[in-house]
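Just input00.txt here, compact mmCIF, C-alpha atoms:
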```txt
# COMPACT_ATOMS: atom_id res chain seq x y z
CA MET K 234 0.00 0.00 0.00
CA VAL K 235 2.82 2.40 0.92
CA THR K 236 4.67 1.69 -2.32
CA LYS K 237 1.61 2.30 -4.42
CA GLU K 238 0.89 5.61 -2.71
CA LYS K 239 4.50 6.69 -3.23
CA GLU K 240 4.23 5.93 -6.93
CA VAL K 241 1.13 8.12 -7.21
CA THR K 242 2.94 10.96 -5.46
CA VAL K 243 5.91 10.83 -7.82
CA SER K 244 3.87 10.64 -10.99
CA ASP K 245 1.47 13.37 -9.99
CA SER K 246 4.15 15.77 -8.83
CA LYS K 247 5.63 16.14 -12.31
CA PRO K 248 5.17 19.52 -13.96
CA SER K 249 1.90 19.63 -15.79
CA SER K 250 1.67 20.50 -19.43
CA GLY K 251 -0.80 22.78 -21.12
CA ASN K 252 -1.74 26.43 -20.81
CA GLY K 253 -2.29 28.35 -17.58
CA PHE K 254 -6.06 27.80 -17.57
CA SER K 255 -5.75 24.02 -17.92
CA LYS K 256 -3.23 23.97 -15.04
CA PHE K 257 -5.66 26.04 -12.97
CA LEU K 258 -8.47 23.57 -13.61
CA LYS K 259 -6.18 20.65 -12.72
CA ILE K 260 -5.30 21.97 -9.24
CA LEU K 261 -8.91 23.01 -8.59
CA GLY K 262 -10.27 19.45 -8.67
CA PRO K 263 -9.99 18.23 -5.03
CA GLY K 264 -11.38 21.49 -3.63
CA LEU K 265 -14.45 21.25 -5.86
CA ILE K 266 -15.11 17.64 -4.88
CA THR K 267 -15.00 18.44 -1.17
CA SER K 268 -17.10 21.57 -1.58
CA ALA K 269 -19.79 19.65 -3.49
CA LEU K 270 -21.32 19.01 -0.07
CA VAL K 271 -21.59 22.73 0.62
CA LEU K 272 -24.23 23.31 -2.03
CA GLY K 273 -26.63 20.38 -1.94
CA PRO K 274 -30.41 20.64 -2.40
CA GLY K 275 -30.78 21.60 1.27
CA SER K 276 -28.44 24.56 0.85
CA ILE K 277 -30.23 25.77 -2.28
CA THR K 278 -33.60 25.55 -0.53
CA LEU K 279 -32.38 27.34 2.61
CA ASN K 280 -30.62 30.12 0.68
CA SER K 281 -33.70 30.66 -1.48
CA LYS K 282 -36.06 30.61 1.50
CA ILE K 283 -33.93 32.95 3.63
CA GLY K 284 -33.62 35.45 0.77
CA ALA K 285 -37.35 35.27 0.04
CA ILE K 286 -38.39 35.77 3.69
CA TYR K 287 -35.68 38.05 5.11
CA GLY K 288 -34.20 39.73 2.05
CA THR K 289 -30.50 40.47 2.53
CA GLU K 290 -30.55 40.54 6.35
CA LEU K 291 -28.90 37.14 6.80
CA VAL K 292 -26.12 37.37 4.19
CA TRP K 293 -23.62 37.37 7.06
CA SER K 294 -24.52 33.75 7.91
CA ILE K 295 -23.12 32.56 4.55
CA ILE K 296 -19.91 34.48 5.13
CA VAL K 297 -19.43 32.94 8.59
CA ALA K 298 -20.11 29.39 7.36
CA VAL K 299 -17.80 29.71 4.35
CA ILE K 300 -14.89 31.21 6.31
CA LEU K 301 -15.05 28.45 8.93
CA MET K 302 -15.47 25.72 6.30
CA ALA K 303 -12.47 27.09 4.39
CA CYS K 304 -10.41 27.20 7.59
CA TYR K 305 -11.01 23.54 8.44
CA THR K 306 -10.67 22.41 4.82
CA GLU K 307 -7.31 24.16 4.54
CA MET K 308 -6.16 22.56 7.81
CA ALA K 309 -7.22 19.14 6.54
CA ALA K 310 -5.32 19.69 3.28
CA ARG K 311 -2.15 20.45 5.24
CA ILE K 312 -2.67 17.31 7.31
CA GLY K 313 -3.00 15.29 4.11
CA ILE K 314 0.24 16.73 2.74
CA ALA K 315 2.38 16.68 5.89
CA GLY K 316 1.03 13.57 7.62
CA LYS K 317 2.78 10.27 7.05
CA SER K 318 -0.56 8.47 7.13
CA THR K 319 -4.27 9.18 6.62
CA PHE K 320 -6.21 11.34 9.05
CA ILE K 321 -8.05 8.41 10.65
CA ASN K 322 -4.82 6.43 11.02
CA LEU K 323 -3.26 9.45 12.73
CA VAL K 324 -6.27 9.56 15.04
CA LYS K 325 -5.82 5.85 15.81
CA GLU K 326 -2.17 6.44 16.66
CA LYS K 327 -3.10 9.22 19.08
CA TRP K 328 -6.32 7.92 20.65
CA GLY K 329 -6.54 4.24 19.76
CA GLN K 330 -8.44 2.00 17.36
CA PHE K 331 -11.87 2.82 18.77
CA ALA K 332 -11.53 6.55 17.98
CA GLY K 333 -10.84 5.83 14.30
CA VAL K 334 -13.71 3.35 14.02
CA PHE K 335 -15.99 5.86 15.76
CA ILE K 336 -15.17 8.56 13.20
CA GLY K 337 -15.56 6.16 10.26
CA ILE K 338 -18.97 4.83 11.33
CA GLY K 339 -20.15 8.28 12.40
CA ALA K 340 -19.20 9.75 9.02
CA PHE K 341 -20.99 6.89 7.26
CA LEU K 342 -24.23 7.53 9.17
CA VAL K 343 -24.13 11.29 8.72
CA CYS K 344 -23.38 11.03 4.99
CA SER K 345 -26.05 8.35 4.52
CA SER K 346 -28.70 10.63 5.98
CA PHE K 347 -27.70 13.46 3.66
CA GLN K 348 -27.53 10.94 0.83
CA ALA K 349 -31.27 10.37 1.17
CA GLY K 350 -31.88 14.10 0.68
CA ASN K 351 -29.51 14.22 -2.31
CA ALA K 352 -31.29 11.27 -3.94
CA ILE K 353 -34.69 12.91 -3.39
CA GLY K 354 -33.43 16.22 -4.80
CA THR K 355 -32.04 14.49 -7.88
CA GLY K 356 -35.28 12.59 -8.49
CA ILE K 357 -37.50 15.65 -8.02
CA ALA K 358 -35.34 17.72 -10.37
CA ILE K 359 -35.60 15.26 -13.26
CA GLU K 360 -39.29 14.57 -12.60
CA ALA K 361 -40.04 18.29 -12.98
CA VAL K 362 -38.71 18.16 -16.56
CA THR K 363 -39.72 14.66 -17.71
CA GLY K 364 -42.91 14.03 -15.73
CA VAL K 365 -41.63 10.55 -14.87
CA ASN K 366 -41.96 9.60 -11.18
CA SER K 367 -39.00 10.74 -9.09
CA LYS K 368 -38.50 7.22 -7.67
CA VAL K 369 -37.49 5.99 -11.12
CA TRP K 370 -34.83 8.68 -11.36
CA ILE K 371 -33.55 8.00 -7.86
CA VAL K 372 -32.82 4.43 -8.98
CA VAL K 373 -31.30 5.52 -12.32
CA ALA K 374 -29.12 8.22 -10.71
CA THR K 375 -27.86 5.82 -8.05
CA LEU K 376 -26.98 3.12 -10.58
CA LEU K 377 -25.17 5.68 -12.74
CA GLY K 378 -23.20 6.81 -9.67
CA VAL K 379 -22.24 3.21 -8.95
CA ALA K 380 -21.14 2.74 -12.58
CA LEU K 381 -18.85 5.78 -12.35
CA LEU K 382 -16.87 4.05 -9.62
CA PHE K 383 -15.70 1.35 -12.00
CA PHE K 384 -14.18 3.63 -14.61
CA SER K 385 -10.40 3.44 -14.39
CA SER K 386 -10.25 7.24 -14.53
CA PHE K 387 -12.88 7.67 -11.78
CA TYR K 388 -11.13 10.57 -10.06
CA ARG K 389 -10.74 12.60 -13.28
CA ILE K 390 -14.35 11.93 -14.28
CA LEU K 391 -15.50 13.01 -10.82
CA GLU K 392 -13.60 16.29 -10.72
CA LYS K 393 -14.65 17.23 -14.28
CA LEU K 394 -18.29 16.49 -13.46
CA MET K 395 -18.08 18.69 -10.35
CA LEU K 396 -16.45 21.50 -12.32
CA ALA K 397 -19.04 21.41 -15.13
CA LEU K 398 -22.00 21.46 -12.75
CA VAL K 399 -20.52 24.28 -10.67
CA ILE K 400 -19.94 26.42 -13.77
CA VAL K 401 -23.54 25.92 -14.96
CA MET K 402 -24.92 27.00 -11.59
CA LEU K 403 -22.53 29.91 -11.23
CA PHE K 404 -23.38 31.50 -14.56
CA SER K 405 -27.14 30.90 -14.28
CA PHE K 406 -27.43 32.89 -11.06
CA LEU K 407 -24.75 35.42 -11.99
CA ILE K 408 -26.57 36.36 -15.20
CA THR K 409 -29.83 36.72 -13.30
CA LEU K 410 -28.22 38.87 -10.62
CA ILE K 411 -26.77 41.21 -13.24
CA ILE K 412 -30.22 41.60 -14.81
CA VAL K 413 -32.18 42.25 -11.59
CA LYS K 414 -29.56 44.69 -10.22
CA PRO K 415 -29.88 44.33 -6.44
CA SER K 416 -29.32 47.30 -4.15
CA ILE K 417 -25.64 47.42 -3.20
CA THR K 418 -26.56 49.22 0.03
CA ASP K 419 -28.97 46.45 1.01
CA VAL K 420 -26.40 43.77 0.21
CA PHE K 421 -23.70 45.35 2.39
CA SER K 422 -26.17 45.96 5.21
CA GLY K 423 -26.59 42.18 5.33
CA PHE K 424 -22.92 41.80 6.31
CA VAL K 425 -23.81 43.02 9.83
CA PRO K 426 -24.88 40.06 12.03
CA LYS K 427 -28.49 40.25 13.17
CA PHE K 428 -31.31 37.81 13.96
CA PRO K 429 -34.72 38.96 12.64
CA ASP K 430 -37.74 37.47 14.42
CA GLY K 431 -38.14 33.76 13.65
CA SER K 432 -34.83 33.50 11.78
CA MET K 433 -32.76 31.51 14.28
CA ALA K 434 -33.80 28.05 13.03
CA LEU K 435 -33.02 28.96 9.41
CA VAL K 436 -29.62 30.42 10.34
CA ILE K 437 -28.71 27.29 12.29
CA GLY K 438 -29.86 25.11 9.39
CA LEU K 439 -27.85 27.09 6.83
CA ILE K 440 -24.64 27.05 8.87
CA ALA K 441 -25.08 23.34 9.65
CA THR K 442 -25.44 22.45 5.94
CA SER K 443 -22.67 24.78 4.75
CA PHE K 444 -20.08 24.09 7.46
CA SER K 445 -19.53 20.34 6.95
CA ILE K 446 -16.66 19.14 9.12
CA VAL K 447 -16.94 15.65 7.61
CA GLY K 448 -16.55 17.14 4.14
CA ALA K 449 -13.65 19.30 5.28
CA ILE K 450 -11.62 16.41 6.68
CA TYR K 451 -11.97 14.44 3.46
CA GLN K 452 -9.83 17.09 1.79
CA SER K 453 -6.84 15.41 3.47
CA TYR K 454 -7.69 12.20 1.60
CA LEU K 455 -8.15 13.95 -1.72
CA VAL K 456 -4.76 15.66 -1.67
CA ARG K 457 -3.18 12.28 -0.83
CA GLU K 458 -5.16 10.63 -3.66
CA LYS K 459 -3.94 13.30 -6.06
CA GLY K 460 -0.37 12.91 -4.79
CA VAL K 461 0.25 16.49 -3.63
CA VAL K 462 3.71 16.94 -2.06
CA GLN K 463 5.04 19.74 0.14
CA ALA K 464 6.63 21.44 -2.85
CA ASN K 465 3.11 21.97 -4.22
CA ALA K 466 1.57 22.89 -0.85
CA LYS K 467 0.80 26.53 -1.73
CA ALA K 468 -1.16 25.52 -4.83
CA SER K 469 -3.05 22.95 -2.76
CA MET K 470 -3.92 25.57 -0.11
CA PHE K 471 -5.24 27.86 -2.82
CA GLU K 472 -7.23 25.01 -4.32
CA SER K 473 -8.77 24.07 -0.97
CA ILE K 474 -9.81 27.61 -0.08
CA PHE K 475 -10.90 28.66 -3.56
CA GLY K 476 -13.14 25.62 -4.02
CA ILE K 477 -15.03 26.43 -0.82
CA PHE K 478 -15.32 30.14 -1.56
CA LEU K 479 -16.58 29.44 -5.08
CA LEU K 480 -19.45 27.34 -3.76
CA GLY K 481 -20.05 29.93 -1.03
CA PHE K 482 -20.24 32.59 -3.72
CA ILE K 483 -22.96 30.62 -5.49
CA SER K 484 -24.88 30.42 -2.18
CA PHE K 485 -24.47 34.18 -1.91
CA LEU K 486 -25.80 34.69 -5.45
CA ILE K 487 -28.84 32.51 -4.73
CA MET K 488 -29.73 34.38 -1.53
CA ILE K 489 -29.24 37.85 -3.05
CA THR K 490 -31.22 36.94 -6.17
CA ALA K 491 -34.06 35.53 -4.06
CA ALA K 492 -33.98 38.67 -1.93
CA THR K 493 -34.25 40.86 -5.03
CA VAL K 494 -36.81 38.82 -7.02
CA LEU K 495 -38.93 36.89 -4.49
CA TYR K 496 -38.84 39.04 -1.34
CA PRO K 497 -40.71 42.03 -2.87
CA GLU K 498 -43.37 39.65 -4.23
CA GLY K 499 -43.89 37.88 -0.88
CA ILE K 500 -43.15 34.46 -2.39
CA MET K 501 -42.27 32.17 0.55
CA VAL K 502 -40.60 29.32 -1.42
CA ASN K 503 -42.50 26.16 -0.57
CA ASN K 504 -41.49 24.05 -3.57
CA ALA K 505 -39.08 23.83 -6.51
CA ILE K 506 -41.42 25.68 -8.88
CA GLU K 507 -41.53 28.71 -6.58
CA MET K 508 -37.74 28.60 -6.24
CA ALA K 509 -37.49 28.60 -10.03
CA ASP K 510 -39.12 32.06 -10.07
CA ILE K 511 -35.68 33.35 -9.03
CA LEU K 512 -34.43 32.88 -12.60
CA LYS K 513 -37.47 34.26 -14.45
CA PRO K 514 -35.95 37.73 -15.03
CA SER K 515 -33.18 36.19 -17.14
CA PHE K 516 -34.68 32.96 -18.52
CA GLY K 517 -38.42 33.68 -18.70
CA SER K 518 -40.47 30.58 -19.50
CA PHE K 519 -37.28 28.49 -19.43
CA ALA K 520 -36.62 29.43 -15.79
CA VAL K 521 -37.99 26.16 -14.43
CA PHE K 522 -35.80 24.11 -16.77
CA VAL K 523 -32.64 26.08 -15.96
CA PHE K 524 -33.32 26.05 -12.23
CA VAL K 525 -34.06 22.34 -12.28
CA LEU K 526 -30.75 21.80 -14.09
CA GLY K 527 -29.03 23.68 -11.26
CA LEU K 528 -30.96 21.72 -8.64
CA PHE K 529 -29.98 18.49 -10.38
CA GLY K 530 -26.37 19.63 -10.48
CA ALA K 531 -26.34 20.41 -6.76
CA SER K 532 -28.17 17.20 -5.85
CA TYR K 533 -26.21 14.84 -8.06
CA SER K 534 -22.80 16.33 -7.36
CA SER K 535 -23.63 16.00 -3.66
CA LEU K 536 -24.93 12.46 -4.20
CA ILE K 537 -21.58 11.40 -5.69
CA GLY K 538 -19.30 13.52 -3.52
CA ASN K 539 -21.16 12.78 -0.31
CA ALA K 540 -21.05 9.02 -0.92
CA THR K 541 -17.33 9.22 -1.71
CA ILE K 542 -16.68 10.99 1.58
CA GLY K 543 -18.85 8.74 3.74
CA GLY K 544 -17.63 5.53 2.10
CA GLY K 545 -13.99 6.58 2.10
CA LEU K 546 -13.98 7.48 5.79
CA LEU K 547 -15.89 4.32 6.69
CA ALA K 548 -13.38 2.14 4.84
CA ASP K 549 -10.40 3.83 6.47
CA GLY K 550 -12.04 3.69 9.90
CA LEU K 551 -12.55 -0.06 9.56
CA GLY K 552 -9.01 -0.60 8.28
CA LEU K 553 -10.07 -1.43 4.70
CA GLY K 554 -7.86 1.17 3.02
CA HIS K 555 -8.52 4.64 1.68
CA GLN K 556 -7.53 4.90 -2.00
CA LEU K 557 -10.39 5.39 -4.45
CA SER K 558 -8.93 2.67 -6.68
CA SER K 559 -9.42 0.07 -3.93
CA LEU K 560 -12.35 -2.34 -4.42
CA LYS K 561 -13.09 -2.31 -0.68
CA VAL K 562 -13.31 1.50 -0.69
CA LYS K 563 -15.59 1.41 -3.75
CA ILE K 564 -17.86 -1.09 -2.00
CA SER K 565 -18.04 1.24 1.02
CA ILE K 566 -18.96 4.16 -1.26
CA ILE K 567 -21.64 2.03 -2.94
CA ALA K 568 -22.99 1.16 0.52
CA VAL K 569 -23.59 4.87 1.23
CA MET K 570 -25.29 5.33 -2.16
CA LEU K 571 -27.55 2.31 -1.79
CA PHE K 572 -28.38 2.95 1.86
CA GLY K 573 -29.30 6.60 1.28
CA SER K 574 -31.31 5.90 -1.87
CA SER K 575 -33.12 2.97 -0.24
CA ILE K 576 -34.19 5.19 2.64
CA ALA K 577 -35.42 7.81 0.14
CA LEU K 578 -37.50 5.17 -1.66
CA ILE K 579 -38.81 3.39 1.45
CA PHE K 580 -39.84 6.53 3.30
CA ASP K 581 -41.19 8.15 0.12
CA GLY K 582 -39.19 11.35 0.41
CA ASN K 583 -39.53 11.69 4.18
CA PRO K 584 -36.62 9.86 5.88
CA VAL K 585 -37.29 11.52 9.23
CA ASN K 586 -36.14 8.63 11.42
CA LEU K 587 -32.77 8.27 9.70
CA ILE K 588 -32.12 12.01 9.69
CA THR K 589 -33.01 12.26 13.39
CA PHE K 590 -30.69 9.36 14.19
CA ALA K 591 -27.86 10.86 12.15
CA GLN K 592 -28.33 14.21 13.90
CA GLY K 593 -27.95 12.32 17.16
CA VAL K 594 -24.65 10.89 15.91
CA THR K 595 -23.38 14.35 14.90
CA ILE K 596 -23.88 15.51 18.48
CA PHE K 597 -20.88 13.38 19.41
CA VAL K 598 -18.86 12.72 16.26
CA VAL K 599 -18.66 16.18 14.63
CA PRO K 600 -17.15 18.10 17.59
CA PHE K 601 -14.77 15.17 18.15
CA ILE K 602 -13.56 15.37 14.53
CA ALA K 603 -13.02 19.13 14.87
CA ILE K 604 -10.98 18.62 18.06
CA ALA K 605 -8.94 15.91 16.32
CA ILE K 606 -8.24 18.21 13.35
CA LEU K 607 -7.07 21.01 15.64
CA PHE K 608 -4.94 18.64 17.73
CA ILE K 609 -3.20 17.03 14.73
CA ALA K 610 -2.78 20.35 12.86
CA ASN K 611 -0.93 21.70 15.94
CA SER K 612 1.34 18.68 16.34
CA LYS K 613 4.93 19.61 15.48
CA GLU K 614 5.79 15.91 15.31
CA ILE K 615 3.20 15.26 12.58
CA MET K 616 3.05 18.58 10.74
CA GLY K 617 6.60 19.92 10.99
CA ASP K 618 6.77 23.42 9.49
CA MET K 619 3.17 23.07 8.24
CA LYS K 620 1.65 23.15 11.73
CA ASN K 621 -1.09 25.67 12.53
CA ARG K 622 -0.38 29.37 12.93
CA ILE K 623 -2.20 31.64 15.38
CA PHE K 624 -4.80 32.79 12.83
CA SER K 625 -5.80 29.22 11.88
CA ASN K 626 -6.11 28.31 15.55
CA ALA K 627 -8.26 31.35 16.31
CA LEU K 628 -10.69 30.54 13.49
CA GLY K 629 -10.53 26.84 14.37
CA ILE K 630 -11.55 27.48 17.97
CA ILE K 631 -14.42 29.73 16.85
CA GLY K 632 -15.56 26.95 14.49
CA LEU K 633 -15.31 24.35 17.25
CA LEU K 634 -17.40 26.47 19.63
CA LEU K 635 -20.02 26.90 16.90
CA LEU K 636 -20.11 23.14 16.27
CA ILE K 637 -20.53 22.50 19.99
CA TYR K 638 -23.39 24.99 20.06
CA LEU K 639 -25.07 23.25 17.12
CA ALA K 640 -24.54 19.89 18.84
CA VAL K 641 -26.13 21.14 22.06
CA ASN K 642 -29.01 22.60 20.05
CA ASN K 643 -29.51 19.23 18.31
CA PHE K 644 -29.39 17.41 21.64
CA ILE K 645 -32.11 19.66 23.08
CA ASN K 646 -34.33 19.33 20.00
CA ILE K 647 -33.94 15.53 19.72
CA PHE K 648 -33.91 14.36 23.32
CA LEU K 649 -35.49 17.10 25.45
CA LYS K 650 -38.45 18.23 23.31
```
Spell out the structure here as structure tokens.
Amino acid sequence: MVTKEKEVTVSDSKPSSGNGFSKFLKILGPGLITSALVLGPGSITLNSKIGAIYGTELVWSIIVAVILMACYTEMAARIGIAGKSTFINLVKEKWGQFAGVFIGIGAFLVCSSFQAGNAIGTGIAIEAVTGVNSKVWIVVATLLGVALLFFSSFYRILEKLMLALVIVMLFSFLITLIIVKPSITDVFSGFVPKFPDGSMALVIGLIATSFSIVGAIYQSYLVREKGVVQANAKASMFESIFGIFLLGFISFLIMITAATVLYPEGIMVNNAIEMADILKPSFGSFAVFVFVLGLFGASYSSLIGNATIGGGLLADGLGLGHQLSSLKVKISIIAVMLFGSSIALIFDGNPVNLITFAQGVTIFVVPFIAIAILFIANSKEIMGDMKNRIFSNALGIIGLLLLIYLAVNNFINIFLK
């Protein structure tokens, strides 16, 4: 296993050929795959709903979530480059076998719950265009995702798919925003933190879906898979941060566009058709089709990326390996896909029990992962010169406190109400 990983590192560290733009796209890949979780169907719905109900007042919540997500993703990337082993193996060395298994199983359960939502979002998106029942498309999308795993160039296919879907979404909302011309004063006023009446639950939901600590830590695996070495660390840091901020920028565009188009009309956003009204100023009668394409992109990219993260961490936690080329890792990824899609089909779009259970798991596993990231990123023995600086620690502690708050809030809602 060590020899194989070393071979990947050597081959991938060679200077890349091609023009500057192609090199830029090549280093962007891992960041886009990790950040696919940031903008799933839940994030699109929450950003649209918040903009429609509160206008630009809660723009600050996106900024907070993205900064903290970028901080932990960048830390994880450094761990992947500097660490002599995978993140979970480093955890096992520090805290024992149980801690690594705990993280692996916890990540699997959390990702499986989100997988159900991604499958539902994918099915609903295609049903809106074709009229064919969403359950059919859930099955088709899942089988297609499984098939992708068995292409020899799986990683390259995955990163290109992420990039294409992100570009489609980015330009759709950017064009609309240019046409509707939002008030710059209103936008900047939203940078000041405030909590309008009844907004707390939506803010918590948005931060929880956008600040994915499980997604962040998988960045360490992606840079190892791609073979990034310390000589290329700066490019990898840029890639990690830029990927997160790009997806955060799309969230920003969605919220501002909803605030400009839907808020004045009093449209509350209760379904995908109402959300599609966001794009009417630029796409007219084609707005539903374009929005559904974006919803499909967010749902399906999350369906693939989320399963890769959950399955990869599960496999490593159980000692089955971590490389995407490994059959055992692929089987673990397939398990996340099938489990999440099965729940979506069985519960007919309402997997409440699984989501509640997964939220219960996050109460314990997510803060523990954040503590582990901070501990390892500050270890001189593991990180060498790439250990955390004061700024990363300050943001990391703020992020940890926020995750603990969300965990306590989940605990109260699940067990005490």
Considering only C-alpha atoms, state which residue in the set K:Ala520, K:Ile321, K:Leu486, K:Val297 is at the smallest distance from K:His555.
-> K:Ile321
Could you please determine the separation between atom CA of K:Phe485 and atom CA of K:Asp510 in Å, to one decimal place?
->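 Here the two named atoms are 16.9 Å from each other.
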Between K:Ala309, K:Ala361, K:Leu635, K:Ile296, single out the one closest to K:Phe522, counting only C-alpha atoms.
->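 Smallest separation from K:Phe522 among the options: K:Ala361.
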If we count all atoms listed in the file, what is near stretch 567-578 of chain K at a cut-off of 10 Å, once residues fewer than 4 positions away on the same chain are taken out, given as a PyMOL selection string?
-> chain K and resi 341-354+356+367-369+371-372+374-376+378-380+382+536-537+539-545+547+561-563+582-587
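Note that atom CA of K:Ile511 and atom CA of K:Thr409 are 8.0 Å apart.
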Padding 4 Å on each side, edges along x, y and z: where is the centre of the box around the listed atoms of stretch 447-465 of chain K, and how long are its edges in Å to one decimal? Output it as JSON.
```
{"center_x": -5.2, "center_y": 16.3, "center_z": 0.8, "size_x": 31.6, "size_y": 19.3, "size_z": 21.7}
```
Do you know which residues lie at most 8 Å from (-5.8, 23.0, 15.6), with coordinates as in the file and only C-alpha atoms counted, and could you write them as JSON, numbers by chain?
-> {"K": [308, 604, 605, 606, 607, 608, 609, 610, 611, 621, 625, 626, 629, 630]}
Work out how far atom CA of K:Val523 is from atom CA of K:Phe406, in Å to one decimal.
->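 Taking atom CA of K:Phe406 and atom CA of K:Val523, their separation equals 9.9 Å.
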